[in-house]
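Here is the structure we will look at.
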Amino acid sequence: MGGNPSERQPQQRGMGKRVYQVWKGSNRFFLCGRMIFGPDVRSLAVTVFLIVAPTVCFCVFVGRHLLSHFDNGGGIAILAVTVIYTVYVLVLLLLTSGRDPGIIPRNLHPPEPEEEIDPTQSPGDWGGQTPRLRLPRTKDVMVNGVSVKTKYCDTCMLYRPPRCSHCSICNNCVLRFDHHCPWVGQCIGQRNYRFFFMFVSSTSLLCIYVFAMCAVYIKILMDDGHRTVWRALSRSPASIVLMVYTFICVWFVGGLTVFHLYLIGTNQTTYENFRYRYDNKVNPYNQGCASNFEEIFCTKIPASKNRFRSRVAETMPGGLGAVQQGREMGEAGKGPDVEQGYKATWPNADEMVGEGGEVEMAGGRVSTGSELGMEMKDGFEMHPVEQGRPAVAHPRRSSWGRKSGSWEITPDILAMSSSGEGGGGQGQGHNGHVHVHGRNGETTPPGNR
């Protein structure tokens with residue numbers, strides 16, 4: 001009945017937490033990860049109230065009086081259209097706020113930096129220091145023949161694709177980021193922009209519909225004996241309130257609809273329009289008005305890059321679950337990061353040990369090495385390189401654009417390397433070992449490291 005413990009271990013390991021339970025963003029999840037919202041999801045209740053409350057008032061105080069003034073079920077049709085259309089607007093609101101807007105999973109570790117070193121140089125040209133590694137903050141990408149800069153995100157540890165931006169509220173990089181809407185409690189991006197526009201435009205039409213039906217009821221009251229508008233309005237105070245409310249709302253949601261029609265026609269996002277201004281520049285994404293509308297409303301919505309309900313151990317490398325999995329498993333099965341040529345050596349997962357035993361991440365130092373059970377005594381190693389190129393001793397941590405100054409090659413080794421002694425043994429002493437300077441300038445043989 002109990003079974004072999006070794007056979008139960010994979011099953012226990014598969015029963016770990018799900019991705020949405022260890023999510024590093026600020027999002028809120030409902031229905032066991034099936035719905036994802038922003039951290040300001042409570043504002044969604046206010047939006048629902050602002051839509052439902054006027055609709056209920058219209059049905060109770062105006063719509064029911066119209067039942068007796070229209071033959072052949074006209075009054076029933078008015079009420080049915082009001083209820084069905086309101087439900088349609090709420091569904092669009094839910095599709096906008098309750099789905100993944102296009103979040104890019106965070107990387108397990110930063111991309112490998114580029115090296116500021118000429119392969120034709122000899123070690124004597126390095127100035128006595130290890131070649132410095134650097135990670136460019138921006139990269140140029142060609143989009144429809146136009147060069148577009150992509151920025152590096154320190155939080156997500158990735159180069160953002162074109163039109164992608166990091167939302168400071170949700171703490172995620174979002175594809176085709178438009179803006180973060182507090183009224184829907186969610187970022188507006190590649191996967192929910194279509195529903196957002198449909199929600200805004202449909203809300204505008206709902207406001208116009210309620211305003212028009214209230215005006216029709218006032219006209220009916222005037223025809224029933226109340227000759228003036230003021231007397232008719234006094235008979236239905238609810239119509240006055242609803243007409244004023246919908247008139248104010250239509251200026252906001254209607255104006256927003258017109259603004260986004262302009263953005264869709266020119267293939268811009270709200271973020272690009274306010275920050276970059278394509279007035280005097282070429283918009284590489286503009287394909288013409290008809291093609292721009294087709295791109296928004298007629299193309300297939302890309303699938304989500306995240307599997308929020310997957311187990312952490314089952315997620316793809318590079319996702320948030322993989323980050324947690326790497327921390328839990330300690331990257332036990334991953335060998336050293338050695339490739340042909342000069343490559344940086346990265347520590348466990350996204351941790352980088354800095355000076356003084358502190359752990360560095362892209363955003364700053366977060367904890368000490370003692371907290372993670374790490375020590376600096378083994379912080380140096382040699383990497384094989386391509387034949388004919390100088391051997392380089394890499395520190396186990398990345399300098400991230402700073403001069404390390406922690407390890408230096410001794411002058412006698414530089415002299416031997418420049419004179420070509422020892423054949424392929426560049427960077428080695430007489431006994432075949434590499435001598436390096438410690439932090440206090442002392443020469444430390446490999447055996448004492």
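The way I read the labels, and the way they are meant: chains A, B, ... in the order of the structure tokens, residue 1 as the first residue of every chain, and ligand 1 as the first ligand shown, with later ones counted on from there.
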
Members of region 133-299 of chain A assigned strand (DSSP E) by DSSP, as a ChimeraX atom specification: /A:133-134,138-143,146-153,158-159,165-167,172-174,179-181,186-188

Nearby residues (only C-alpha atoms) at most 12 Å from His180 (chain A), same-chain spacing under 3 positions excluded, as a PyMOL selection string: chain A and resi 37-41+96-97+101+165-174+176-177+183-189+192-193+196+269-271

Taking C-alpha atoms for each residue, export the selection above as an mmCIF file, in the first residue's frame.
data_model
loop_
_atom_site.group_PDB
_atom_site.id
_atom_site.type_symbol
_atom_site.label_atom_id
_atom_site.label_comp_id
_atom_site.auth_asym_id
_atom_site.auth_seq_id
_atom_site.Cartn_x
_atom_site.Cartn_y
_atom_site.Cartn_z
ATOM 1 C CA PHE A 37 -6.243 41.111 -13.054
ATOM 2 C CA GLY A 38 -4.111 44.064 -12.130
ATOM 3 C CA PRO A 39 -3.345 45.062 -8.531
ATOM 4 C CA ASP A 40 -6.110 47.703 -8.692
ATOM 5 C CA VAL A 41 -8.830 45.156 -9.454
ATOM 6 C CA THR A 96 -10.604 43.304 -21.128
ATOM 7 C CA SER A 97 -9.693 43.113 -17.462
ATOM 8 C CA PRO A 101 -2.792 41.459 -21.830
ATOM 9 C CA SER A 165 7.034 48.438 -22.252
ATOM 10 C CA HIS A 166 7.252 47.629 -18.559
ATOM 11 C CA CYS A 167 4.167 48.562 -16.558
ATOM 12 C CA SER A 168 5.221 49.956 -13.195
ATOM 13 C CA ILE A 169 1.799 49.150 -11.687
ATOM 14 C CA CYS A 170 1.565 45.496 -12.715
ATOM 15 C CA ASN A 171 5.375 45.057 -12.695
ATOM 16 C CA ASN A 172 5.382 43.179 -16.018
ATOM 17 C CA CYS A 173 6.647 43.742 -19.546
ATOM 18 C CA VAL A 174 3.607 43.860 -21.842
ATOM 19 C CA ARG A 176 2.259 46.352 -27.598
ATOM 20 C CA PHE A 177 1.732 48.216 -24.355
ATOM 21 C CA TRP A 183 -11.155 51.758 -14.683
ATOM 22 C CA VAL A 184 -10.724 48.167 -15.831
ATOM 23 C CA GLY A 185 -7.910 47.365 -13.394
ATOM 24 C CA GLN A 186 -5.611 45.937 -16.040
ATOM 25 C CA CYS A 187 -2.896 46.786 -18.548
ATOM 26 C CA ILE A 188 -4.064 47.307 -22.100
ATOM 27 C CA GLY A 189 -1.802 45.465 -24.493
ATOM 28 C CA ASN A 192 -6.897 42.779 -24.882
ATOM 29 C CA TYR A 193 -6.729 46.051 -26.814
ATOM 30 C CA PHE A 196 -10.920 47.443 -24.622
ATOM 31 C CA THR A 269 -0.482 53.251 -29.024
ATOM 32 C CA THR A 270 -1.369 55.712 -26.298
ATOM 33 C CA TYR A 271 2.127 55.298 -24.865
#

Region 178-293 of chain A: residues DSSP assigns to alpha helix (DSSP H), reported as a ChimeraX atom specification: /A:193-223,229-235,237-266,270-275,289-293

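Each of A:Val200, A:Phe30, A:His65, A:Glu272 was compared to Arg235 (chain A) using only C-alpha atoms, and A:His65 turns out to be the nearest.
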
With a cut-off of 12 Å, could you pull out the residues of region 178-290 of chain A touching region 55-63 of chain A and give me the nearest pair of atoms for each, distance in Å to one decimal, using only C-alpha atoms, ordered by chain and ascending number, as a tab-separated table?
residue	atom	partner	partner_atom	distance
A:Thr203	CA	A:Thr55	CA	11.5
A:Leu206	CA	A:Thr55	CA	9.1
A:Cys207	CA	A:Thr55	CA	9.5
A:Tyr209	CA	A:Thr55	CA	10.6
A:Val210	CA	A:Phe58	CA	7.3
A:Phe211	CA	A:Phe58	CA	9.7
A:Ala212	CA	A:Phe58	CA	11.4
A:Met213	CA	A:Gly63	CA	8.2
A:Cys214	CA	A:Val62	CA	6.9
A:Ala215	CA	A:Val62	CA	10.2
A:Val216	CA	A:Val62	CA	9.9
A:Tyr217	CA	A:Val62	CA	7.1
A:Ile218	CA	A:Val62	CA	9.6
A:Ile220	CA	A:Val62	CA	11.3
A:Leu221	CA	A:Val62	CA	11.3
A:Leu233	CA	A:Val62	CA	11.9
A:Arg235	CA	A:Phe61	CA	11.0
A:Ser236	CA	A:Phe61	CA	8.0
A:Pro237	CA	A:Phe61	CA	9.1
A:Ala238	CA	A:Phe61	CA	6.4
A:Ser239	CA	A:Val62	CA	6.9
A:Ile240	CA	A:Val62	CA	10.7
A:Val241	CA	A:Cys57	CA	9.7
A:Leu242	CA	A:Phe58	CA	7.4
A:Met243	CA	A:Phe58	CA	10.2
A:Tyr245	CA	A:Thr55	CA	11.3
A:Thr246	CA	A:Thr55	CA	10.6
